[in-house]
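Student: Submitted below is the structure of interest, expressed as structure tokens.
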Amino acid sequence: MASGSSPVTRFAPSPTGMLHIGGARTALFNWLFARHEGGKFLLRIEDTDRERSTAQASTAILDGLRWLELEWDGEVTCQSKHIERHGQVAQTLLDQGKAYHCYCSPEELTEMRQRAKAQGRPALYDGRWRDRDPSDAPQGVNPVLRIKAPRQGETVIHDRVQGEVRVSNRQLDDFILLRSDQTPTYMLSVVVDDHDMSITHIIRGDDHLTNAFRQQVIYDALGWGVPEFAHIPLLHGTDGAKLSKRHGALSVSAYKDMGYLPAAMRNYLLRLGWSHGDDEIISNEQAIEWFNLDSLGKSAARFDIDKLNYLNGHYIRQLDDQELSQDVLNILKSTNSITVDQTAQQRLLAAMPEFKQRAKTLIELADNCVFLVSSRPLPLTEKAQSQLSEQAPALLAELRGKLETTEHWTAEALDKAIRTFADKKGLKFGKVAQPLRAALTGGASSPGIFDVLAILGREESLGRIQDQAAAD
RNA sequence: GCGCCCUUCGUCUAUCGGUUAGGACGCCAGGUUUUCAACCUGGAAAGAGGAGUUCGAUUCUCCUAGGGCGCGCCA
């Protein structure tokens with residue numbers, strides 16, 4: 001049983017695709033539990049399906065975990081390395097009469113299931129080779145090895161999330177341990193590996209809940225203690241359907257590309273199925289301090305991008321300006337083919353305190369920053385063009401003359417100068433600010449106009465105003 | 001078909017038999033204002049349905065409905 005003072009959890013993905021957010025959350029919970037308990041968080045790649053496993057998927061999963069900053073302990077284990085050991089365990093089961101060979105063909109099994117379904121019985125293997133004399137074995141057929149599952153009574157698992165779950169053994173059949181090519185099945189491999197790796201807590205999606213019964217049967221046959229189970233509810237897409245690739249870009253790397261922060265992602269995922277009273281914004285430290293299995297919910301949750309956006313905005317505002325401007329710089333370089341020189345870099349850094357207040361994602365932040373590093377003359381959006389119609393060019397020409405004489409190019413001084421200018425002209429401040437904004441940014445919305453002016457600097461600002469001002 | 005799991009505002013959730021059913025996102029209104037955000041204030045918004053247990057059920061039990069998962073020589 002899971003006694004002892006140092007729990008060991010594991011995340012055991014099969015390398016058949018990207019790490020999606022459902023898997024990411026499972027990893028997060030395992031990681032948090034291990035960190036909270038001062039135990040270990042191990043990573044095991046379940047690659048026994050040679051057909052579908054790929055090295056790329058393996059790499060993608062590892063990259064996803066690294067991005068989320070979920071550090072695993074020790075070396076990554078590959079299940080395929082333990083095949084020999086799995087075979088040995090199967091052999092002892094056979095030797096002890098707890099497993100047997102079955103010579104059924106796939107067609108025979110399919111027919112068996114179909115008939116059972118049609119008759120309203122569970123679609124299970126009927127155990128026809130269980131007590132059959134081995135001398136009946138057909139020639140030239142490689143048998144599979146099946147476990148002798150109990151036929152009476154019931155199998156009970158104690159789950160930290162689901163409670164005590166019991167099922168009649170009539171619902172369990174003599175499932176396969178070793179395929180006809182002698183390779184172990186998932187059911188055997190997980191049990192042996194979890195045991196050999198001294199896993200104390202198995203935290204995984206509740207799509208494995210019914211597997212747990214079968215695994216319990218193996219544990220019992222082997223006389224091994226069973227780890228603690230915690231089957232967490234699955235994540236659903238926005239529409240309530242199962243999370244799948246069809247429901248949008250749901251791999252972890254896709255969220256990275258969309259400009260989400262790992263901290264936001266972790267916070268969001270944590271609150272999907274786990275709670276700590278009314279707390280919503282939970283730091284990594286708090287999460288580790290607070291995480292427990294008892295506060296896990298039992299029902300499936302839908303993915304809600306709005307809330308992720310909100311959290312991401314929050315964490316962007318928390319981020320260090322230096323780090324943030326570097327992120328923005330990288331995005332701008334890769335997406336806008338803009339040459340970002342020294343001044344542009346300085347502008348970005350100077351812009352961060354203001355600009356980070358108004359972005360939900362890194363991508364949005366970078367978009368908002370583009371005008372800072374664009375070279376003159378700026379392209380104008382439709383809205384900017386309308387702001388620059390009629391009297392605006394003349395107004396800007398006049399304003400430019402005024403600003404040229406401004407001694408100190410600071411937000412404070414410019415504030416004063418422009419307000420005075422508007423007053424003298426008998427204009428509402430906005431009537432001056434909007435055309436100015438259009439000239440400076442090429443758009444109709446931006447952070448405070450004085451900040452923009454200060455960030456762009458005297459020369460660039462005056463130049464941009466000049467571009468849109470009426471000729472003398 | 002058989003089995004298991006789930007069901008509180010649109011969404012994520014709190015509630016460990018007694019609450020005006022709380023918070024958050026989103027939404028609406030107002031404030032701030034120089035645009036967009038951010039921020040502040042206020043508002044609308046929920047116990048799937050039905051039985052039972054109980055002085056009293058969102059909370060416990062059962063049934064129904066709906067949803068999910070599993071039933072592979074996949075993991």
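In the structure tokens, each chain is lettered A, B, ... as it comes, each chain's residues begin at 1, and ligands are numbered from 1 in order of appearance.
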Residues near C5 (chain B), anyone? I mean within 9 Å using only C-alpha atoms (C1' of nucleotides), not counting same-chain ones fewer than 3 positions away, as a ChimeraX atom specification.

Tutor: /A:162,206,209,233,298-299 /B:68-69

Student: For the selection just defined, write its residues with N, CA and C atoms (P, O5', C5', C4', C3', O3' and C1' of nucleotides) to a file, as a JSON list (two decimals), in the first residue's frame.

Tutor:
[["chain", "number", "residue", "atom", "x", "y", "z"],
["A", 162, "GLN", "N", -13.05, 9.12, -6.55],
["A", 162, "GLN", "CA", -14.34, 8.49, -6.80],
["A", 162, "GLN", "C", -14.88, 7.71, -5.61],
["A", 206, "ASP", "N", -10.09, 9.76, -15.57],
["A", 206, "ASP", "CA", -11.02, 8.71, -15.17],
["A", 206, "ASP", "C", -11.48, 7.83, -16.33],
["A", 209, "LEU", "N", -10.63, 4.54, -15.15],
["A", 209, "LEU", "CA", -11.27, 3.98, -13.96],
["A", 209, "LEU", "C", -11.62, 2.50, -14.11],
["A", 233, "PRO", "N", -11.61, 13.62, -13.18],
["A", 233, "PRO", "CA", -12.55, 13.76, -14.28],
["A", 233, "PRO", "C", -11.87, 14.32, -15.53],
["A", 298, "LYS", "N", -15.38, 15.88, -8.91],
["A", 298, "LYS", "CA", -15.68, 14.61, -9.55],
["A", 298, "LYS", "C", -16.29, 14.76, -10.94],
["A", 299, "SER", "N", -16.67, 15.94, -11.30],
["A", 299, "SER", "CA", -17.34, 16.08, -12.59],
["A", 299, "SER", "C", -16.45, 16.71, -13.65],
["B", 68, "G", "P", -21.66, 12.57, -24.47],
["B", 68, "G", "O5'", -20.56, 12.14, -23.40],
["B", 68, "G", "C5'", -19.56, 13.06, -22.99],
["B", 68, "G", "C4'", -18.75, 12.47, -21.88],
["B", 68, "G", "C3'", -18.07, 11.15, -22.18],
["B", 68, "G", "O3'", -16.87, 11.32, -22.91],
["B", 68, "G", "C1'", -19.11, 11.01, -20.07],
["B", 69, "C", "P", -16.39, 10.19, -23.88],
["B", 69, "C", "O5'", -15.87, 9.07, -22.89],
["B", 69, "C", "C5'", -14.78, 9.33, -22.03],
["B", 69, "C", "C4'", -14.60, 8.20, -21.06],
["B", 69, "C", "C3'", -14.43, 6.82, -21.68],
["B", 69, "C", "O3'", -13.11, 6.60, -22.14],
["B", 69, "C", "C1'", -15.98, 6.68, -19.91]]

Student: Counting only C-alpha atoms (C1' of nucleotides), collect the residues of chain B whose closest atom lies at most 7 Å from chain A, and write them out as a PyMOL selection string.

Tutor: chain B and resi 1-4+6+11-12+14+23-26+34-38+69-71+73+75

Student: For those residues, write C-alpha atoms (C1' of nucleotides) to a file as a PDB file, in the first residue's frame.

Tutor:
ATOM      1  C1'   G B   1     -26.312  -3.982 -25.412  1.00  0.00           C
ATOM      2  C1'   C B   2     -23.617  -4.484 -20.476  1.00  0.00           C
ATOM      3  C1'   G B   3     -20.972  -1.962 -16.572  1.00  0.00           C
ATOM      4  C1'   C B   4     -18.918   2.268 -14.125  1.00  0.00           C
ATOM      5  C1'   C B   6     -20.904  12.467 -13.360  1.00  0.00           C
ATOM      6  C1'   U B  11     -18.579  28.539 -17.941  1.00  0.00           C
ATOM      7  C1'   C B  12     -15.126  27.109 -13.673  1.00  0.00           C
ATOM      8  C1'   A B  14     -17.714  27.103  -2.848  1.00  0.00           C
ATOM      9  C1'   G B  23     -16.656  33.682  -5.384  1.00  0.00           C
ATOM     10  C1'   A B  24     -14.381  33.984 -10.341  1.00  0.00           C
ATOM     11  C1'   C B  25     -14.682  34.451 -15.858  1.00  0.00           C
ATOM     12  C1'   G B  26     -18.072  36.241 -19.286  1.00  0.00           C
ATOM     13  C1'   U B  34      -7.715  60.855 -24.246  1.00  0.00           C
ATOM     14  C1'   U B  35      -8.868  56.100 -27.720  1.00  0.00           C
ATOM     15  C1'   C B  36      -8.282  50.897 -26.295  1.00  0.00           C
ATOM     16  C1'   A B  37      -7.429  48.350 -22.120  1.00  0.00           C
ATOM     17  C1'   A B  38      -6.788  48.119 -16.937  1.00  0.00           C
ATOM     18  C1'   C B  69     -15.975   6.682 -19.912  1.00  0.00           C
ATOM     19  C1'   G B  70     -14.967   1.568 -20.575  1.00  0.00           C
ATOM     20  C1'   C B  71     -16.126  -3.208 -22.726  1.00  0.00           C
ATOM     21  C1'   C B  73      -3.602  -9.376 -29.417  1.00  0.00           C
ATOM     22  C1'   A B  75      -2.562   2.847 -24.390  1.00  0.00           C
TER      23        A B  75
END

Student: Using DSSP on the backbone coordinates, identify all residues within region 88-201 of chain A classified as helix (DSSP H, G or I); present the result as an MDAnalysis selection string.

Tutor: chainID A and resid 88:95 106:118 134:136 169:171 186:196

Student: Apply DSSP to the backbone of this structure and, from region 37-219 of chain A, keep only the residues in strand (DSSP E); write these as a PyMOL selection string.

Tutor: chain A and resi 40-45+77-78+99-102+144-147+154-159+163-168+176-178+201-205

Student: I'd like to know which of A:Ala90, A:Ala264, A:Val370, A:Ala394 is closest to Lys333 (chain A), using only C-alpha atoms.

Tutor: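 When distances to Lys333 (chain A) are compared using only C-alpha atoms, the smallest one comes from A:Val370.
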
Student: Which residues, written as a ChimeraX atom specification, have at least one atom at most 9 Å from Thr26 (chain A), with only C-alpha atoms (C1' of nucleotides) counted and residues fewer than 2 positions away on the same chain left out?

Tutor: /A:11,21-24,28-31,203-205,232

Student: Please determine, counting only C-alpha atoms (C1' of nucleotides), which residue among A:Ser295, A:Ser461, A:Thr410, A:Thr9 has the shortest atom-to-atom distance to C16 (chain B).

Tutor: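 Counting only C-alpha atoms (C1' of nucleotides), the residue closest to C16 (chain B) is A:Ser295.
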
Student: I'd like the neighbourhood of Ile218 (chain A) as a list in words, where a residue qualifies if any of its atoms comes within 10 Å (using only C-alpha atoms (C1' of nucleotides)), though same-chain residues fewer than 2 positions away should be ignored.

Tutor: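 Contacts, with the query itself left out: Leu93, Lys98, Ile147, Lys148, Ala149, Leu177, Met187, Leu188, Val191, Val192, Ala212, Phe213, Arg214, Gln215, Gln216, Asp220, Ala221, Leu222, Gly223, Trp224 and Val226 of chain A.
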